[in-house]
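Dumped coords_29.txt below, it's compact mmCIF, C-alpha atoms:
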```txt
# COMPACT_ATOMS: atom_id res chain seq x y z
CA MET A 280 0.00 0.00 0.00
CA GLU A 281 1.35 3.37 -0.96
CA LEU A 282 1.55 5.85 1.86
CA ARG A 283 1.18 9.47 0.94
CA LYS A 284 3.46 11.81 2.77
CA VAL A 285 1.48 14.32 4.78
CA GLN A 286 2.43 17.81 3.74
CA PRO A 287 2.94 20.31 6.56
CA ASP A 288 0.36 23.08 6.65
CA ASP A 289 1.16 26.66 5.73
CA LEU A 290 1.60 27.93 9.27
CA THR A 291 4.05 25.14 10.10
CA LEU A 292 6.06 26.01 7.01
CA VAL A 293 5.94 29.71 7.86
CA LYS A 294 7.27 28.98 11.33
CA ARG A 295 10.06 26.86 9.89
CA CYS A 296 10.90 29.62 7.41
CA ARG A 297 11.19 32.09 10.26
CA ASP A 298 13.68 29.73 11.87
CA GLY A 299 15.76 29.97 8.72
CA ASP A 300 14.63 26.73 7.06
CA LYS A 301 14.96 27.45 3.36
CA GLU A 302 13.59 24.08 2.41
CA ALA A 303 10.31 25.03 4.10
CA PHE A 304 10.30 28.23 2.10
CA ARG A 305 10.83 26.26 -1.09
CA LEU A 306 7.80 24.12 -0.21
CA LEU A 307 5.69 27.24 0.25
CA VAL A 308 6.86 28.60 -3.09
CA GLU A 309 6.10 25.35 -4.87
CA ARG A 310 2.71 25.17 -3.24
CA TYR A 311 1.61 28.60 -4.41
CA GLN A 312 3.69 29.37 -7.50
CA ARG A 313 0.94 28.49 -9.97
CA LYS A 314 -1.73 30.39 -8.08
CA VAL A 315 0.45 33.45 -7.73
CA PHE A 316 1.43 33.38 -11.37
CA ALA A 317 -2.20 32.92 -12.47
CA GLN A 318 -3.26 35.81 -10.29
CA ALA A 319 -0.55 38.07 -11.66
CA LEU A 320 -1.30 36.98 -15.22
CA GLY A 321 -4.95 37.73 -14.72
CA MET A 322 -4.11 41.23 -13.61
CA VAL A 323 -1.22 42.29 -15.84
CA LYS A 324 -2.03 40.05 -18.84
CA ASP A 325 1.61 39.62 -19.86
CA LYS A 326 3.29 36.30 -19.10
CA ASP A 327 6.82 37.63 -18.61
CA GLU A 328 5.63 40.42 -16.40
CA ALA A 329 3.39 38.02 -14.47
CA MET A 330 6.36 35.71 -13.91
CA ASP A 331 8.48 38.60 -12.69
CA ILE A 332 5.76 39.75 -10.30
CA ALA A 333 5.22 36.20 -9.03
CA GLN A 334 8.91 35.85 -8.18
CA GLU A 335 9.07 39.29 -6.64
CA ALA A 336 6.04 38.42 -4.51
CA PHE A 337 7.85 35.44 -3.01
CA VAL A 338 10.96 37.52 -2.40
CA LYS A 339 8.76 39.94 -0.45
CA VAL A 340 7.19 37.03 1.41
CA TYR A 341 10.63 35.86 2.50
CA LYS A 342 11.69 39.34 3.48
CA TYR A 343 8.55 40.25 5.42
CA LEU A 344 7.62 36.87 6.86
CA GLY A 345 8.17 38.34 10.31
CA HIS A 346 5.27 40.74 9.65
CA PHE A 347 2.82 37.92 8.96
CA LYS A 348 0.69 37.77 12.10
CA GLY A 349 -1.22 34.63 11.24
CA ASP A 350 -4.60 36.27 11.84
CA SER A 351 -5.45 35.66 8.18
CA SER A 352 -4.49 32.67 6.10
CA PHE A 353 -1.07 32.67 4.51
CA TYR A 354 -2.64 32.66 1.06
CA THR A 355 -4.77 35.72 1.86
CA TRP A 356 -1.62 37.54 2.93
CA LEU A 357 0.25 36.35 -0.15
CA TYR A 358 -2.67 37.31 -2.37
CA ARG A 359 -2.55 40.87 -1.04
CA ILE A 360 1.18 41.11 -1.72
CA VAL A 361 0.67 39.97 -5.32
CA ALA A 362 -2.30 42.29 -5.81
CA ASN A 363 -0.30 45.27 -4.54
CA LEU A 364 2.62 44.43 -6.79
CA CYS A 365 0.30 44.14 -9.78
CA VAL A 366 -1.38 47.45 -9.00
CA ASP A 367 2.03 49.15 -8.66
CA ARG A 368 3.12 47.66 -11.98
CA LEU A 369 -0.09 48.68 -13.73
CA ARG A 370 0.26 52.22 -12.45
CA LYS A 371 3.67 52.43 -14.05
CA THR A 372 2.47 51.28 -17.46
CA THR A 373 0.32 53.28 -19.81
CA SER A 374 -1.21 50.25 -21.45
CA ARG A 375 -3.92 49.90 -18.88
CA SER A 376 -7.35 49.49 -20.38
CA PRO A 377 -9.57 52.52 -19.77
CA THR A 378 -12.52 50.20 -19.19
CA SER A 379 -10.94 49.04 -15.96
CA GLN A 380 -11.68 52.42 -14.43
CA GLU A 381 -15.30 52.53 -15.44
CA TYR A 382 -16.70 49.59 -13.65
CA ASP A 383 -19.44 49.59 -11.12
CA ASP A 384 -21.36 46.70 -9.66
CA ALA A 385 -24.79 48.22 -10.14
CA ILE A 386 -27.41 45.60 -10.60
CA GLY A 387 -29.07 45.51 -13.97
CA ARG A 388 -26.33 46.95 -16.14
CA ASP A 389 -25.46 43.58 -17.57
CA GLU A 390 -27.66 40.84 -18.79
CA MET A 391 -26.80 37.36 -19.83
CA ALA A 392 -26.63 36.63 -23.52
CA GLY A 393 -29.26 34.67 -25.39
CA ALA A 394 -30.31 31.58 -23.52
CA GLY A 395 -28.56 28.33 -24.36
CA ILE A 396 -26.22 29.71 -27.01
CA LEU A 397 -22.98 29.29 -25.12
CA SER A 398 -23.73 25.83 -23.84
CA THR A 399 -24.69 24.71 -27.32
CA ARG A 400 -21.56 26.12 -28.88
CA LEU A 401 -19.03 25.41 -26.15
CA GLY A 402 -20.41 22.47 -24.25
CA THR A 403 -19.71 22.10 -20.57
CA ASN A 404 -16.56 20.06 -21.00
CA PRO A 405 -14.29 21.99 -23.35
CA GLN A 406 -11.26 20.19 -24.68
CA LYS A 407 -7.88 21.81 -24.43
CA SER A 408 -7.43 21.36 -28.16
CA ALA A 409 -10.35 23.68 -28.75
CA LEU A 410 -8.84 26.18 -26.37
CA ARG A 411 -5.67 26.46 -28.43
CA GLY A 412 -7.53 27.63 -31.49
CA GLU A 413 -9.91 30.42 -32.18
CA LEU A 414 -11.73 30.08 -28.89
CA ALA A 415 -8.51 30.54 -26.92
CA LYS A 416 -7.84 33.74 -28.83
CA LYS A 417 -11.36 34.98 -28.24
CA MET A 418 -11.14 34.11 -24.56
CA GLU A 419 -7.90 35.98 -24.20
CA GLU A 420 -9.35 39.01 -25.92
CA ALA A 421 -12.48 38.90 -23.81
CA LEU A 422 -10.55 38.55 -20.56
CA ALA A 423 -8.34 41.45 -21.60
CA GLN A 424 -11.34 43.65 -22.22
CA ILE A 425 -13.28 43.16 -19.04
CA PRO A 426 -12.45 45.38 -16.07
CA GLU A 427 -9.69 44.33 -13.73
CA LYS A 428 -12.07 43.61 -10.88
CA HIS A 429 -14.09 41.27 -13.06
CA ARG A 430 -11.03 39.47 -14.35
CA GLU A 431 -9.72 39.10 -10.83
CA ILE A 432 -12.87 37.58 -9.41
CA LEU A 433 -13.40 35.29 -12.41
CA LEU A 434 -9.89 34.03 -12.08
CA LEU A 435 -10.21 33.31 -8.39
CA ARG A 436 -13.53 31.60 -8.85
CA GLU A 437 -12.88 29.62 -12.03
CA LEU A 438 -9.22 28.80 -11.53
CA GLU A 439 -9.02 28.50 -7.78
CA GLY A 440 -12.61 27.37 -7.21
CA MET A 441 -12.91 29.75 -4.28
CA SER A 442 -16.16 29.87 -2.37
CA TYR A 443 -18.09 33.15 -2.18
CA GLU A 444 -17.13 33.39 1.47
CA ASP A 445 -13.41 33.07 0.68
CA LEU A 446 -13.78 35.54 -2.18
CA ALA A 447 -15.46 38.03 0.14
CA ARG A 448 -12.64 37.66 2.66
CA ILE A 449 -9.78 37.84 0.21
CA LEU A 450 -11.22 40.73 -1.81
CA LYS A 451 -12.53 42.50 1.30
CA ILE A 452 -16.00 42.95 -0.14
CA PRO A 453 -19.42 41.81 1.13
CA LYS A 454 -20.71 38.45 -0.03
CA GLY A 455 -23.53 40.18 -1.89
CA THR A 456 -20.96 42.12 -3.91
CA VAL A 457 -19.17 38.86 -4.72
CA MET A 458 -22.40 37.56 -6.16
CA SER A 459 -23.16 40.66 -8.21
CA ARG A 460 -19.58 41.10 -9.39
CA LEU A 461 -19.35 37.55 -10.61
CA PHE A 462 -22.67 37.93 -12.37
CA HIS A 463 -21.52 41.09 -14.17
CA ALA A 464 -18.17 39.53 -15.03
CA ARG A 465 -19.87 36.52 -16.60
CA ALA A 466 -22.45 38.61 -18.41
CA LYS A 467 -19.66 40.71 -19.93
CA MET A 468 -17.71 37.62 -20.94
CA GLN A 469 -20.78 36.17 -22.62
CA ARG A 470 -21.33 39.34 -24.56
CA LEU A 471 -17.70 39.55 -25.60
CA LEU A 472 -17.78 35.96 -26.81
CA ALA A 473 -20.74 36.78 -28.99
CA ASP A 474 -18.62 36.82 -32.14
CA TYR A 475 -17.42 33.34 -31.50
CA VAL A 476 -20.76 31.80 -30.71
CA GLY A 477 -22.49 33.54 -33.59
CA GLU A 478 -23.43 37.15 -33.48
CA ALA A 479 -26.79 36.57 -35.09
CA GLN A 480 -27.89 34.27 -32.32
CA MET A 481 -26.70 36.63 -29.62
CA VAL A 482 -28.88 39.57 -30.58
CA GLU A 483 -31.80 38.26 -28.63
CA GLY A 484 -31.48 38.83 -24.92
CA LEU A 485 -28.71 41.46 -24.96
CA GLY A 486 -29.44 44.24 -22.55
CA GLU A 487 -28.29 47.81 -22.39
CA GLU A 488 -24.64 48.45 -21.50
CA MET B 291 -36.63 38.62 -21.69
CA GLU B 292 -39.51 38.10 -19.31
CA SER B 293 -39.47 40.39 -16.29
CA ALA B 294 -39.65 37.35 -14.01
CA CYS B 295 -36.57 35.93 -15.72
CA HIS B 296 -34.82 39.29 -15.43
CA SER B 297 -35.19 39.25 -11.68
CA TYR B 298 -33.63 35.78 -11.52
CA GLN B 299 -30.54 36.57 -13.61
CA MET B 300 -28.13 37.32 -10.82
CA LEU B 301 -29.44 34.52 -8.70
CA LEU B 302 -28.85 32.08 -11.55
CA SER B 303 -25.15 32.89 -11.43
CA ALA B 304 -24.93 32.08 -7.71
CA TYR B 305 -27.18 29.05 -8.21
CA SER B 306 -24.90 27.64 -10.91
CA ASP B 307 -22.00 28.05 -8.49
CA GLY B 308 -23.88 26.18 -5.77
CA GLU B 309 -23.74 29.34 -3.65
CA ALA B 310 -27.43 30.24 -3.42
CA SER B 311 -29.00 29.97 0.03
CA PRO B 312 -31.51 27.12 0.55
CA ARG B 313 -34.39 29.59 0.21
CA GLU B 314 -32.97 31.12 -2.96
CA ARG B 315 -32.28 27.68 -4.35
CA ALA B 316 -35.87 26.65 -3.79
CA GLN B 317 -37.10 29.84 -5.51
CA VAL B 318 -34.78 29.33 -8.48
CA GLU B 319 -35.73 25.69 -8.86
CA LEU B 320 -39.39 26.57 -8.79
CA HIS B 321 -38.79 29.12 -11.55
CA LEU B 322 -36.62 26.73 -13.56
CA SER B 323 -39.31 24.09 -13.46
CA SER B 324 -41.46 26.35 -15.59
CA CYS B 325 -38.86 28.34 -17.59
CA GLY B 326 -36.88 26.66 -20.35
CA ASP B 327 -34.94 29.86 -21.15
CA CYS B 328 -33.56 30.13 -17.64
CA ARG B 329 -32.66 26.44 -17.62
CA ALA B 330 -30.69 27.15 -20.78
CA ARG B 331 -29.10 30.18 -19.10
CA VAL B 332 -27.91 28.02 -16.24
CA GLU B 333 -26.34 25.70 -18.82
CA ASP B 334 -24.69 28.74 -20.43
CA LEU B 335 -23.22 29.79 -17.11
CA LYS B 336 -21.82 26.31 -16.54
CA ALA B 337 -20.39 26.24 -20.05
CA LEU B 338 -18.77 29.65 -19.59
CA ALA B 339 -17.33 28.68 -16.19
CA ALA B 340 -15.88 25.46 -17.60
CA THR B 341 -14.44 27.26 -20.62
CA VAL B 342 -12.90 30.11 -18.65
CA SER B 343 -11.48 27.62 -16.17
CA ALA B 344 -10.01 25.43 -18.92
CA HIS B 345 -8.58 28.47 -20.68
CA LEU B 346 -6.92 29.82 -17.55
CA ARG B 347 -5.55 26.41 -16.62
CA ALA B 348 -4.17 25.96 -20.13
CA GLN B 349 -2.41 29.32 -19.86
CA VAL B 350 -0.80 28.37 -16.56
CA ASP B 351 0.04 24.85 -17.76
CA GLU B 352 2.06 26.33 -20.61
CA VAL B 353 4.50 27.81 -18.12
CA ASP B 354 7.48 25.81 -16.93
CA PHE B 355 7.75 26.16 -13.16
CA SER B 356 10.63 23.72 -12.74
CA SER B 357 13.15 26.46 -11.96
CA PHE B 358 10.73 28.90 -10.36
CA ALA B 359 11.66 28.21 -6.72
CA ASP B 360 15.39 28.27 -7.55
CA ASP B 361 14.97 31.60 -9.32
CA VAL B 362 13.17 33.03 -6.30
CA LEU B 363 15.91 31.80 -3.97
CA LYS B 364 18.54 33.33 -6.25
CA ARG B 365 16.74 36.66 -6.06
CA ILE B 366 16.69 36.42 -2.28
CA GLY B 367 20.44 35.85 -2.21
CA PRO B 368 22.47 34.31 0.59
CA ASP B 369 21.09 34.34 4.07
CA GLU B 370 22.08 37.06 6.48
CA PRO B 371 24.59 35.55 8.93
CA GLY B 372 23.40 34.71 12.42
CA LEU B 373 24.19 36.70 15.55
CA VAL B 374 27.31 34.71 16.49
CA GLU B 375 28.65 34.96 12.97
CA ARG B 376 27.92 38.70 12.82
CA MET B 377 29.74 39.20 16.15
CA ARG B 378 32.72 37.21 14.91
CA ILE B 379 32.93 39.32 11.74
CA CYS B 380 32.55 42.50 13.76
CA TRP B 381 35.35 41.44 16.13
CA ALA B 382 37.63 40.56 13.25
CA GLU B 383 37.07 43.99 11.70
CA VAL B 384 37.73 45.78 14.99
CA MET B 385 40.98 43.85 15.49
CA ALA B 386 42.04 44.56 11.93
CA TYR B 387 41.59 48.32 12.12
CA HIS B 388 41.87 49.22 15.84
CA ARG B 389 44.18 46.60 17.28
CA THR B 390 46.28 49.04 19.38
CA ALA B 391 43.25 50.81 20.84
CA VAL B 392 41.62 47.51 21.72
CA ILE B 393 44.77 46.14 23.40
CA SER B 394 45.38 49.29 25.43
CA SER B 395 41.72 49.42 26.49
CA VAL B 396 41.80 45.81 27.57
CA ALA B 397 45.05 46.41 29.50
CA THR B 398 43.58 49.46 31.26
CA ALA B 399 40.48 47.50 32.17
CA ALA B 400 42.63 44.68 33.55
CA VAL B 401 44.72 47.03 35.73
CA THR B 402 41.57 48.77 37.02
CA LEU B 403 40.06 45.42 37.86
CA ALA B 404 43.23 44.28 39.60
CA ILE B 405 43.10 47.32 41.87
CA ALA B 406 39.38 47.43 42.42
CA ALA B 407 38.77 43.73 42.93
CA PRO B 408 40.55 43.39 46.33
CA LEU B 409 38.76 46.48 47.64
CA ILE B 410 35.39 45.20 46.48
CA TRP B 411 36.21 41.81 47.95
CA GLN B 412 37.12 43.38 51.28
CA LEU B 413 33.90 45.39 51.46
CA ALA B 414 31.86 42.37 50.48
CA THR B 415 33.40 40.15 53.15
CA ARG B 416 32.94 42.80 55.82
CA SER B 417 29.26 43.16 54.90
CA ALA B 418 28.86 39.42 54.95
CA ALA B 419 30.36 39.28 58.43
CA GLY B 420 27.83 41.79 59.76
CA GLN B 421 30.28 44.65 59.95
CA VAL B 422 28.33 47.40 58.36
CA PRO B 423 30.70 49.87 56.84
CA GLN B 424 30.15 53.27 58.28
CA VAL B 425 31.08 56.22 56.21
CA VAL B 426 31.02 59.72 57.50
CA LEU B 427 29.11 61.67 54.93
CA ARG B 428 28.99 65.12 56.36
CA GLN B 429 30.10 67.18 59.29
CA MET B 430 28.28 70.39 59.96
CA GLN B 431 29.15 73.37 62.05
CA LEU B 432 26.32 74.55 64.27
CA GLU B 433 26.01 77.80 66.16
CA ASN B 434 27.17 76.10 69.32
CA PRO B 435 30.76 75.33 68.51
CA ASN B 436 30.78 72.62 71.16
CA ILE B 437 28.24 70.48 69.25
CA GLN B 438 29.25 68.95 65.97
CA PRO B 439 26.68 66.82 64.16
CA VAL B 440 28.20 63.91 62.31
CA VAL B 441 26.12 62.21 59.61
CA MET B 442 27.06 58.62 58.96
CA ASP B 443 25.88 56.25 56.27
CA MET B 444 25.25 52.90 57.97
CA GLY B 445 25.57 51.07 54.67
CA ASP B 446 22.16 49.41 54.97
CA GLY B 447 20.16 52.36 53.67
CA LYS B 448 19.98 54.01 57.07
CA THR B 449 21.67 57.12 58.32
CA LEU B 450 22.99 57.85 61.76
CA ILE B 451 23.26 61.44 62.90
CA MET B 452 25.35 61.96 65.99
CA PHE B 453 25.73 65.18 67.85
CA VAL B 454 29.18 65.16 69.31
CA ASP B 455 29.55 67.49 72.25
CA GLN B 456 33.10 68.72 71.98
CA PRO B 457 34.76 70.16 75.08
CA ALA B 458 35.50 73.83 74.90
CA PRO B 459 39.10 74.65 74.19
CA GLY B 460 41.02 74.83 77.36
CA ALA B 461 38.50 72.76 79.36
CA GLY B 462 41.08 70.06 79.68
CA ALA B 463 41.28 66.64 78.22
CA ALA B 464 39.85 65.08 81.36
CA THR B 465 36.22 65.72 80.29
CA PRO B 466 35.14 63.09 77.78
CA PRO B 467 32.91 64.16 74.85
CA VAL B 468 29.17 63.51 75.29
CA LEU B 469 27.61 61.59 72.44
CA LYS B 470 23.93 62.09 71.62
CA ALA B 471 22.69 59.75 69.00
CA THR B 472 19.40 60.12 67.17
CA PRO B 473 17.56 57.04 65.97
CA PRO B 474 18.35 56.04 62.43
CA THR B 475 16.29 57.90 59.87
CA GLY B 476 14.92 56.60 56.65
CA GLY B 477 18.09 57.28 54.81
CA ASP B 478 17.28 60.72 53.45
CA LEU B 479 19.68 63.40 54.27
```

Please lay out the structure from this file as structure tokens.
Amino acid sequence: MELRKVQPDDLTLVKRCRDGDKEAFRLLVERYQRKVFAQALGMVKDKDEAMDIAQEAFVKVYKYLGHFKGDSSFYTWLYRIVANLCVDRLRKTTSRSPTSQEYDDAIGRDEMAGAGILSTRLGTNPQKSALRGELAKKMEEALAQIPEKHREILLLRELEGMSYEDLARILKIPKGTVMSRLFHARAKMQRLLADYVGEAQMVEGLGEE
Amino acid sequence: MESACHSYQMLLSAYSDGEASPRERAQVELHLSSCGDCRARVEDLKALAATVSAHLRAQVDEVDFSSFADDVLKRIGPDEPGLVERMRICWAEVMAYHRTAVISSVATAAVTLAIAAPLIWQLATRSAAGQVPQVVLRQMQLENPNIQPVVMDMGDGKTLIMFVDQPAPGAGAATPPVLKATPPTGGDL
């Protein structure tokens, strides 16, 4: 029978890091590297820049580990570091999309696209092969066009599978806002994918923007 | 879109995530049982979630993380030396640049210690033996020249003030001085 090695939890690793155990730090990095990179990529949209931010985030983690109080989860703390780095980086660049400034979560601004179109066209179990083609390009374009807040919450929900409660905690917003923000993010994505799923079919059901 | 459907839109998103409350879920399911469009919308939401998820995962999967941790550790650089190591380095630097000053300071300290140690030892042994060292702190001249108060530190935080009645000059050495002692005070002078 194969015995799986029990991985130490984050707080144990943090404590070991504070004691100068670099191997514990390596474990923390390996545990969160993909998440951190995905988060940075979702925010800055450039892979090289996202990689640079992800590495810088871990350098900061190492440097400021003494400041981590443990009253929030390690990932929440790490998430904030990455988010701050991304915001700093975005402020320095001029390529930021103007739409990212215009967002508000008001109910009723977005509506879902025509019923059943996406599920018919995409299915609920998309193959990676399909994602490398035209759909991948359309997805990338759509994600780049939606406001930063929408991209951020979609990424956390769809990539990390975070619960609404965790999203509320990590984004410091009420649970009701999590619900409305996700709804608006999805509605925008559906509308932006209209070209791909067939513009003619999408006309029905589109609301005012 | 029907107005009833419109009011369910946002709830459908939470419902498709399994995040609607039991009451909301019951409401949505009641509506879905009679609305084909909203059932299709729920399917759309699931399709979008699956597609976005697959797309994001594919993007991350394309990245090679095999050297990521090493790169981070390289950026961190070597560890700061520990306290003992820092002290050793500091001492080496002091000896390299201020050897003479260090040696003369150490020699001075040694001589001072050699002189002071026996005195301290003597005082300590006397205290231990119950012989409280008495130190005259002050002698004052009062109006009556025959009385001289002597303030003595008893060494245990108390002060003894004695009024020594000195014989007048010429009164002869036969008359012994009269000592009047006050009880020890709290130590304040």

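Near Arg368 (chain A), within 10 Å and counting only C-alpha atoms, sit Met322, Val323, Glu328, Ala329, Ile332, Ala362, Asn363, Leu364, Cys365, Val366, Arg370, Lys371 and Thr372 of chain A; same-chain residues fewer than 2 positions away were not included.
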
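Among the candidates B:Glu319, B:Gln299, B:Cys325, B:Gln349, the one nearest to Gly321 (chain A) when counting only C-alpha atoms is B:Gln349.
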
re CA of Ser343 (chain B) and CA of Thr355 (chain A): distance 20.9 Å

Any idea which chain B residues end up within 7 Å of chain A if we count only C-alpha atoms, as number ranges by chain please? B: 291, 300, 303-304, 309, 327-328, 330-331, 333-334, 336-347, 350, 359, 362, 365-366

Edge lengths and centre, in Å to one decimal, as lines of an AutoDock Vina configuration file: that's what I need for the box along x, y and z that holds all listed atoms of region 441-452 of chain B plus 8 Å on each side.
```
center_x = 23.5
center_y = 55.8
center_z = 59.8
size_x = 23.1
size_y = 28.8
size_z = 28.3
```

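Interatomic distance, CA of Arg470 (chain A) to CA of Arg430 (chain A): 14.5 Å.
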
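Counting from CA of Glu302 (chain A), the distance to CA of Arg359 (chain A) is 23.5 Å.
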
- Please, which residues are within 12 Å of (-3.9, 35.4, 0.0) by the file's coordinates, counting all atoms listed in the file, and could they come as number ranges by chain? A: 289, 311, 314-315, 318, 336, 340, 347, 349-363, 435, 439, 441, 445-451
